[in-house]
Amino acid sequence: MASSRTANSRTTTPLTGGRAMASTGWYPVARSSEVGTTPRQVGAAGQAYVVLRTRPGAEVTALSARCPHRLVPLTTATVVDGRVRCSYHGWEFNAEGRCVEIPSLGPAGTPPPRADLSAPWAVEERDGWVWLAPDPTPAARPPRTDGTTPSPEPVPDLPPPAGPVLDNLHPALEHAWHPVAPSTDLRASGYLQTRLLGRTWTVHRRAGGELDADPPAWGVAERLGVVWIAPAEPWAELLAVPETADPLAVSGWLPPTRSPASAGALADAFLDTSRRAGHPTSEVAVPELTYERNGFSGVQEEQLGGRRVTAVHRAPFQLVRREEDLRTGVVTTVLRLLQPEDADSTRVHTCVLVQRTSGAVSPRALATAVASATAALDEDLALLARWGGTGLPLLPRDELHLRADRLGVALRRTLADFAADGAAAGQAEELQRRATA
Ligand code: FES
């Protein structure tokens, strides 16, 4: 086993919630035998790091614990060919933390310096222990253990983003339409119970067909084969999906499923073209964006593939992805509707529609489209289950956005505006309440 490495030449002062913290001295973080090629999260002076070896038996590397792109914990990264590869979009970092590959930039792309990971001032192995010095320290080497057993500090939580985050219980979400159940779950004169924004709601279909909710909601509606609740006056309309009016379109619903990830993170994953481009390196086409009221659409033409892909978003969590095969005239539309149930639970409703510019759609074409949508959803759920995240960061500088992230940036911008509207509404309601108290 290699012995030591000291005085990292790319020192960056670690931050806690955006605040630099002085931390001179050496900190024991793990036994040497516990550190292999799987990143292990440790703490030193209250800062979270991952320690690992980029090859079996190599020196220990210590890096900041989150990927700068989307703040994914690097405990989910893997070591590939001596590099640390983030599990989400495959950015790769060398043992010093320098970002050496970003697949979405293509083979000629150069990662920007901001993509680098920060690292402690020094990392060293001594007496069977791994020690970190987060900041420059007068002692050139860690102390000898002299037969005693050092006590690593508890592993700290990862620092939250410095700016606002849209989580599943954000007050602005009161002012929105939310899907709460497939229409087929609510029989004539029947009741159903559902979770939304941390509360249990009972929806009743009266004999005449009208819907009501308990506790009372501003609105209960039925659209696109789904029951919707708007707890308070909504700031955004329900999304129009013209395909649903096409009598020749065929459609199918995936069984509703749940994720511990936030609705914002699931929306982001759905729009994420750079991840869907996959690995190895392949440059991602950048969509043309049009901002609309409380949403946007992005169109991306792939000349070589003969495809046109359109993504549409309506705040907060109504999403459409339409894929047109320009050679066959087949149009596949996937509707993803997200129900923020609780802080750690989002229900996912997915509909797949297939139509053709001329002629009928075969049952096989629908089965293929449903299988593909299921695979994409399963991939999103598996990825997000591994690193969770309590919400979607809304402050642009909390993450690192590249050209390929244009839809994700548009999502954050739309949701930031939506949350600001909600906050303004909340303040107005509070002022009104005080005025009438
Ligand atoms: S590559 Fe790490 S989050 Fe995107």
# chains A, B, ... in the order shown; residues from 1 in each chain; ligands from 1
>>> residues_around(residues="Gly389 of chain A", least_positions_apart="3", cutoff="9 Å", atoms="only C-alpha atoms", output="PyMOL selection string")
chain A and resi 71-72+260-262+265+384+392
>>> select_by_dssp(residues="segment 172-362 of chain A", states="strand (DSSP E or B)", output="number ranges by chain")
A: 178-182, 191-196, 199-205, 211-214, 219-223, 226-230, 250-253, 257-259, 288-292, 295-302, 307-314, 318-325, 330-342, 345-356
>>> write_last_selection(atoms="C-alpha atoms", output="PDB file, in the first residue's frame")
ATOM      1  CA  HIS A 178     -51.432  18.929  -8.760  1.00  0.00           C
ATOM      2  CA  PRO A 179     -52.298  15.473 -10.100  1.00  0.00           C
ATOM      3  CA  VAL A 180     -53.577  13.302  -7.262  1.00  0.00           C
ATOM      4  CA  ALA A 181     -54.909  10.106  -8.870  1.00  0.00           C
ATOM      5  CA  PRO A 182     -55.828   8.459 -12.150  1.00  0.00           C
ATOM      6  CA  TYR A 191     -64.214   8.334  -2.607  1.00  0.00           C
ATOM      7  CA  LEU A 192     -60.452   8.169  -2.718  1.00  0.00           C
ATOM      8  CA  GLN A 193     -57.755   9.275  -0.317  1.00  0.00           C
ATOM      9  CA  THR A 194     -54.520  10.770  -1.476  1.00  0.00           C
ATOM     10  CA  ARG A 195     -51.481  12.593  -0.083  1.00  0.00           C
ATOM     11  CA  LEU A 196     -50.556  16.040  -1.303  1.00  0.00           C
ATOM     12  CA  ARG A 199     -51.710  16.384   3.980  1.00  0.00           C
ATOM     13  CA  THR A 200     -54.282  13.664   3.390  1.00  0.00           C
ATOM     14  CA  TRP A 201     -57.115  14.644   1.063  1.00  0.00           C
ATOM     15  CA  THR A 202     -60.379  12.833   0.416  1.00  0.00           C
ATOM     16  CA  VAL A 203     -61.815  13.317  -3.054  1.00  0.00           C
ATOM     17  CA  HIS A 204     -65.466  12.492  -3.656  1.00  0.00           C
ATOM     18  CA  ARG A 205     -67.225  12.032  -6.985  1.00  0.00           C
ATOM     19  CA  LEU A 211     -65.817  16.410  -7.652  1.00  0.00           C
ATOM     20  CA  ASP A 212     -65.109  17.881  -4.267  1.00  0.00           C
ATOM     21  CA  ALA A 213     -62.283  17.559  -1.771  1.00  0.00           C
ATOM     22  CA  ASP A 214     -61.895  17.425   1.982  1.00  0.00           C
ATOM     23  CA  GLY A 219     -60.399  23.666  -7.195  1.00  0.00           C
ATOM     24  CA  VAL A 220     -60.848  19.983  -8.033  1.00  0.00           C
ATOM     25  CA  ALA A 221     -60.794  19.038 -11.687  1.00  0.00           C
ATOM     26  CA  GLU A 222     -60.484  16.117 -14.043  1.00  0.00           C
ATOM     27  CA  ARG A 223     -58.272  16.491 -17.095  1.00  0.00           C
ATOM     28  CA  VAL A 226     -56.252  12.478 -14.039  1.00  0.00           C
ATOM     29  CA  VAL A 227     -57.900  14.026 -10.965  1.00  0.00           C
ATOM     30  CA  TRP A 228     -56.297  17.361  -9.977  1.00  0.00           C
ATOM     31  CA  ILE A 229     -56.386  19.482  -6.836  1.00  0.00           C
ATOM     32  CA  ALA A 230     -55.433  23.146  -6.523  1.00  0.00           C
ATOM     33  CA  VAL A 250     -53.365   5.460 -29.029  1.00  0.00           C
ATOM     34  CA  SER A 251     -52.326   5.793 -25.426  1.00  0.00           C
ATOM     35  CA  GLY A 252     -51.479   3.886 -22.291  1.00  0.00           C
ATOM     36  CA  TRP A 253     -50.792   4.803 -18.671  1.00  0.00           C
ATOM     37  CA  THR A 257     -45.099   4.824  -8.910  1.00  0.00           C
ATOM     38  CA  ARG A 258     -43.324   6.567  -6.033  1.00  0.00           C
ATOM     39  CA  SER A 259     -39.917   8.057  -5.460  1.00  0.00           C
ATOM     40  CA  GLU A 288     -34.120  26.233 -28.887  1.00  0.00           C
ATOM     41  CA  LEU A 289     -36.047  27.653 -25.951  1.00  0.00           C
ATOM     42  CA  THR A 290     -39.254  29.629 -25.845  1.00  0.00           C
ATOM     43  CA  TYR A 291     -40.388  30.915 -22.473  1.00  0.00           C
ATOM     44  CA  GLU A 292     -44.129  30.953 -21.916  1.00  0.00           C
ATOM     45  CA  GLY A 295     -43.294  27.406 -18.316  1.00  0.00           C
ATOM     46  CA  PHE A 296     -41.307  26.934 -21.487  1.00  0.00           C
ATOM     47  CA  SER A 297     -40.841  24.717 -24.488  1.00  0.00           C
ATOM     48  CA  GLY A 298     -37.556  23.584 -25.951  1.00  0.00           C
ATOM     49  CA  VAL A 299     -37.164  22.136 -29.435  1.00  0.00           C
ATOM     50  CA  GLN A 300     -34.181  20.196 -30.561  1.00  0.00           C
ATOM     51  CA  GLU A 301     -33.699  18.935 -34.117  1.00  0.00           C
ATOM     52  CA  GLU A 302     -31.359  16.012 -34.630  1.00  0.00           C
ATOM     53  CA  ARG A 307     -35.776  13.321 -35.059  1.00  0.00           C
ATOM     54  CA  ARG A 308     -37.322  16.399 -33.571  1.00  0.00           C
ATOM     55  CA  VAL A 309     -37.664  16.399 -29.794  1.00  0.00           C
ATOM     56  CA  THR A 310     -39.839  18.927 -27.998  1.00  0.00           C
ATOM     57  CA  ALA A 311     -39.942  19.316 -24.238  1.00  0.00           C
ATOM     58  CA  VAL A 312     -42.715  21.342 -22.613  1.00  0.00           C
ATOM     59  CA  HIS A 313     -42.972  22.368 -18.972  1.00  0.00           C
ATOM     60  CA  ARG A 314     -45.726  24.009 -16.978  1.00  0.00           C
ATOM     61  CA  GLN A 318     -46.357  19.129 -15.571  1.00  0.00           C
ATOM     62  CA  LEU A 319     -43.999  17.886 -18.273  1.00  0.00           C
ATOM     63  CA  VAL A 320     -44.274  16.655 -21.834  1.00  0.00           C
ATOM     64  CA  ARG A 321     -41.645  15.152 -24.083  1.00  0.00           C
ATOM     65  CA  ARG A 322     -42.656  14.770 -27.737  1.00  0.00           C
ATOM     66  CA  GLU A 323     -40.440  12.837 -30.126  1.00  0.00           C
ATOM     67  CA  GLU A 324     -41.205  13.057 -33.851  1.00  0.00           C
ATOM     68  CA  ASP A 325     -39.599  10.597 -36.224  1.00  0.00           C
ATOM     69  CA  VAL A 330     -44.566   8.543 -35.898  1.00  0.00           C
ATOM     70  CA  VAL A 331     -44.951  10.931 -32.956  1.00  0.00           C
ATOM     71  CA  THR A 332     -44.436   9.610 -29.426  1.00  0.00           C
ATOM     72  CA  THR A 333     -45.504  11.802 -26.540  1.00  0.00           C
ATOM     73  CA  VAL A 334     -44.694  11.099 -22.906  1.00  0.00           C
ATOM     74  CA  LEU A 335     -46.574  13.003 -20.256  1.00  0.00           C
ATOM     75  CA  ARG A 336     -44.995  13.028 -16.791  1.00  0.00           C
ATOM     76  CA  LEU A 337     -47.105  14.495 -14.007  1.00  0.00           C
ATOM     77  CA  LEU A 338     -45.609  14.706 -10.531  1.00  0.00           C
ATOM     78  CA  GLN A 339     -47.527  14.677  -7.265  1.00  0.00           C
ATOM     79  CA  PRO A 340     -45.539  16.097  -4.331  1.00  0.00           C
ATOM     80  CA  GLU A 341     -47.028  13.934  -1.573  1.00  0.00           C
ATOM     81  CA  ASP A 342     -44.668  14.509   1.334  1.00  0.00           C
ATOM     82  CA  SER A 345     -42.313  11.128  -1.383  1.00  0.00           C
ATOM     83  CA  THR A 346     -43.362  11.987  -4.914  1.00  0.00           C
ATOM     84  CA  ARG A 347     -45.892  10.014  -6.911  1.00  0.00           C
ATOM     85  CA  VAL A 348     -45.208   9.785 -10.623  1.00  0.00           C
ATOM     86  CA  HIS A 349     -48.014   9.573 -13.203  1.00  0.00           C
ATOM     87  CA  THR A 350     -46.887   8.766 -16.739  1.00  0.00           C
ATOM     88  CA  CYS A 351     -48.944   8.565 -19.931  1.00  0.00           C
ATOM     89  CA  VAL A 352     -47.623   7.525 -23.343  1.00  0.00           C
ATOM     90  CA  LEU A 353     -49.386   8.549 -26.564  1.00  0.00           C
ATOM     91  CA  VAL A 354     -48.461   7.486 -30.081  1.00  0.00           C
ATOM     92  CA  GLN A 355     -49.825   8.964 -33.294  1.00  0.00           C
ATOM     93  CA  ARG A 356     -48.864   9.141 -36.963  1.00  0.00           C
TER      94      ARG A 356
END
>>> residues_around(residues="Gly128 of chain A", least_positions_apart="6", cutoff="8 Å", atoms="only C-alpha atoms", output="MDAnalysis selection string")
chainID A and resid 31:33
>>> atom_distance(atom1="atom CA of Thr76 of chain A", atom2="atom CA of Gly264 of chain A")
20.2 Å
>>> residues_near_ligand(ligand="ligand 1", cutoff="12 Å", atoms="only C-alpha atoms and all ligand atoms", output="JSON, numbers by chain")
{"A": [65, 66, 67, 68, 69, 70, 71, 72, 73, 74, 75, 76, 77, 78, 84, 85, 86, 87, 88, 89, 90, 91, 92, 93, 99, 100, 101, 102, 103, 104, 105, 111, 115, 116, 117, 265, 268, 269, 272, 273, 274, 275, 276, 278, 279, 383, 384, 387, 389, 399, 400, 401, 402, 404, 405, 408]}
>>> closest_atom_pairs(of="segment 89-208 of chain A", to="segment 55-59 of chain A", cutoff="12 Å", atoms="only C-alpha atoms", output="Markdown table")
| residue | atom | partner | partner_atom | distance |
| --- | --- | --- | --- | --- |
| A:Asn94 | CA | A:Arg55 | CA | 11.3 |
| A:Ala95 | CA | A:Glu59 | CA | 9.2 |
| A:Glu96 | CA | A:Glu59 | CA | 11.3 |
| A:Val123 | CA | A:Glu59 | CA | 9.3 |
| A:Glu124 | CA | A:Glu59 | CA | 8.4 |
| A:Glu125 | CA | A:Glu59 | CA | 8.3 |
| A:Arg126 | CA | A:Glu59 | CA | 11.8 |
| A:Val130 | CA | A:Glu59 | CA | 10.1 |
>>> write_last_selection(atoms="N, CA and C atoms", output="CSV table (one decimal), in the first residue's frame")
chain,number,residue,atom,x,y,z
A,94,ASN,N,-9.7,13.6,-12.0
A,94,ASN,CA,-8.5,12.9,-11.7
A,94,ASN,C,-8.2,12.9,-10.2
A,95,ALA,N,-7.1,12.3,-9.7
A,95,ALA,CA,-6.8,12.1,-8.3
A,95,ALA,C,-6.7,13.5,-7.6
A,96,GLU,N,-6.4,14.5,-8.3
A,96,GLU,CA,-6.2,15.9,-7.7
A,96,GLU,C,-7.5,16.6,-7.7
A,123,VAL,N,-3.4,15.3,2.5
A,123,VAL,CA,-3.9,14.0,2.9
A,123,VAL,C,-2.7,13.1,3.1
A,124,GLU,N,-2.7,12.3,4.2
A,124,GLU,CA,-1.5,11.5,4.4
A,124,GLU,C,-1.9,10.3,5.2
A,125,GLU,N,-1.2,9.2,4.9
A,125,GLU,CA,-1.4,7.9,5.7
A,125,GLU,C,-0.3,7.8,6.7
A,126,ARG,N,-0.6,7.5,8.0
A,126,ARG,CA,0.4,7.3,9.0
A,126,ARG,C,-0.1,6.4,10.0
A,130,VAL,N,-5.7,7.3,7.9
A,130,VAL,CA,-5.7,8.4,6.9
A,130,VAL,C,-6.0,9.7,7.6
>>> closest_atom_pairs(of="segment 41-101 of chain A", to="segment 146-160 of chain A", cutoff="10 Å", atoms="only C-alpha atoms", output="JSON lines")
{"residue": "A:Gln41", "atom": "CA", "partner": "A:Val155", "partner_atom": "CA", "distance": 6.9}
{"residue": "A:Val42", "atom": "CA", "partner": "A:Val155", "partner_atom": "CA", "distance": 5.1}
{"residue": "A:Gly43", "atom": "CA", "partner": "A:Val155", "partner_atom": "CA", "distance": 4.7}
{"residue": "A:Ala44", "atom": "CA", "partner": "A:Glu153", "partner_atom": "CA", "distance": 6.9}
{"residue": "A:Ala45", "atom": "CA", "partner": "A:Glu153", "partner_atom": "CA", "distance": 8.2}
{"residue": "A:Gly46", "atom": "CA", "partner": "A:Pro156", "partner_atom": "CA", "distance": 6.2}
{"residue": "A:Gln47", "atom": "CA", "partner": "A:Pro156", "partner_atom": "CA", "distance": 6.7}
{"residue": "A:Ala48", "atom": "CA", "partner": "A:Pro156", "partner_atom": "CA", "distance": 5.9}
{"residue": "A:Tyr49", "atom": "CA", "partner": "A:Val155", "partner_atom": "CA", "distance": 9.0}
{"residue": "A:Ser64", "atom": "CA", "partner": "A:Leu158", "partner_atom": "CA", "distance": 9.9}
{"residue": "A:Ala65", "atom": "CA", "partner": "A:Leu158", "partner_atom": "CA", "distance": 7.4}
{"residue": "A:Arg66", "atom": "CA", "partner": "A:Leu158", "partner_atom": "CA", "distance": 7.9}
{"residue": "A:Leu71", "atom": "CA", "partner": "A:Pro160", "partner_atom": "CA", "distance": 9.3}
{"residue": "A:Pro73", "atom": "CA", "partner": "A:Leu158", "partner_atom": "CA", "distance": 8.1}
>>> write_last_selection(atoms="N, CA and C atoms", output="PDB file, in the first residue's frame")
ATOM      1  N   GLN A  41     -17.364   8.584   2.552  1.00  0.00           N
ATOM      2  CA  GLN A  41     -17.531   9.935   3.074  1.00  0.00           C
ATOM      3  C   GLN A  41     -16.946  10.023   4.477  1.00  0.00           C
ATOM      4  N   VAL A  42     -16.204  11.106   4.713  1.00  0.00           N
ATOM      5  CA  VAL A  42     -15.597  11.336   6.021  1.00  0.00           C
ATOM      6  C   VAL A  42     -15.758  12.814   6.364  1.00  0.00           C
ATOM      7  N   GLY A  43     -15.406  13.143   7.619  1.00  0.00           N
ATOM      8  CA  GLY A  43     -15.478  14.530   8.047  1.00  0.00           C
ATOM      9  C   GLY A  43     -14.158  14.980   8.638  1.00  0.00           C
ATOM     10  N   ALA A  44     -13.790  16.229   8.366  1.00  0.00           N
ATOM     11  CA  ALA A  44     -12.600  16.830   8.975  1.00  0.00           C
ATOM     12  C   ALA A  44     -12.912  18.301   9.203  1.00  0.00           C
ATOM     13  N   ALA A  45     -12.815  18.742  10.459  1.00  0.00           N
ATOM     14  CA  ALA A  45     -13.129  20.126  10.823  1.00  0.00           C
ATOM     15  C   ALA A  45     -14.532  20.522  10.368  1.00  0.00           C
ATOM     16  N   GLY A  46     -15.452  19.574  10.441  1.00  0.00           N
ATOM     17  CA  GLY A  46     -16.837  19.878  10.082  1.00  0.00           C
ATOM     18  C   GLY A  46     -17.111  19.854   8.597  1.00  0.00           C
ATOM     19  N   GLN A  47     -16.082  19.613   7.783  1.00  0.00           N
ATOM     20  CA  GLN A  47     -16.266  19.568   6.330  1.00  0.00           C
ATOM     21  C   GLN A  47     -16.440  18.121   5.868  1.00  0.00           C
ATOM     22  N   ALA A  48     -17.270  17.946   4.855  1.00  0.00           N
ATOM     23  CA  ALA A  48     -17.480  16.605   4.303  1.00  0.00           C
ATOM     24  C   ALA A  48     -16.549  16.385   3.112  1.00  0.00           C
ATOM     25  N   TYR A  49     -15.871  15.258   3.122  1.00  0.00           N
ATOM     26  CA  TYR A  49     -14.994  14.864   2.003  1.00  0.00           C
ATOM     27  C   TYR A  49     -15.303  13.417   1.641  1.00  0.00           C
ATOM     28  N   SER A  64     -13.695  17.026  -2.294  1.00  0.00           N
ATOM     29  CA  SER A  64     -14.966  17.499  -1.753  1.00  0.00           C
ATOM     30  C   SER A  64     -16.052  16.476  -2.070  1.00  0.00           C
ATOM     31  N   ALA A  65     -17.092  16.475  -1.237  1.00  0.00           N
ATOM     32  CA  ALA A  65     -18.006  15.333  -1.244  1.00  0.00           C
ATOM     33  C   ALA A  65     -19.127  15.431  -2.260  1.00  0.00           C
ATOM     34  N   ARG A  66     -19.251  16.576  -2.945  1.00  0.00           N
ATOM     35  CA  ARG A  66     -20.336  16.721  -3.919  1.00  0.00           C
ATOM     36  C   ARG A  66     -19.778  17.046  -5.292  1.00  0.00           C
ATOM     37  N   LEU A  71     -24.576  18.748  -7.642  1.00  0.00           N
ATOM     38  CA  LEU A  71     -24.425  18.539  -6.187  1.00  0.00           C
ATOM     39  C   LEU A  71     -24.689  17.095  -5.762  1.00  0.00           C
ATOM     40  N   PRO A  73     -23.917  13.552  -4.351  1.00  0.00           N
ATOM     41  CA  PRO A  73     -22.852  13.046  -3.471  1.00  0.00           C
ATOM     42  C   PRO A  73     -21.902  12.127  -4.225  1.00  0.00           C
TER      43      PRO A  73
END
>>> select_by_dssp(residues="segment 53-299 of chain A", states="helix (DSSP H, G or I)", output="PyMOL selection string")
chain A and resi 74-76+103-105+113-115+171-175+183-185+242-245+263-271+273-276
>>> atom_distance(atom1="atom CA of Trp129 of chain A", atom2="atom CA of Gly82 of chain A")
22.2 Å
>>> closest_residue(among="A:Ala343, A:Ala232, A:Ala30, A:Ala360", to="Pro215 of chain A", atoms="only C-alpha atoms")
A:Ala232
>>> residues_around(residues="Leu395 of chain A", least_positions_apart="2", cutoff="10 Å", atoms="only C-alpha atoms", output="VMD selection string")
chain A and resid 161 to 165 392 to 393 397 to 399 409 412 to 413 416
>>> closest_residue(among="A:Leu52, A:Thr110, A:Pro256, A:Arg40", to="Gly97 of chain A", atoms="only C-alpha atoms")
A:Leu52
>>> atom_distance(atom1="atom CA of Pro142 of chain A", atom2="atom CA of Gly36 of chain A")
20.6 Å
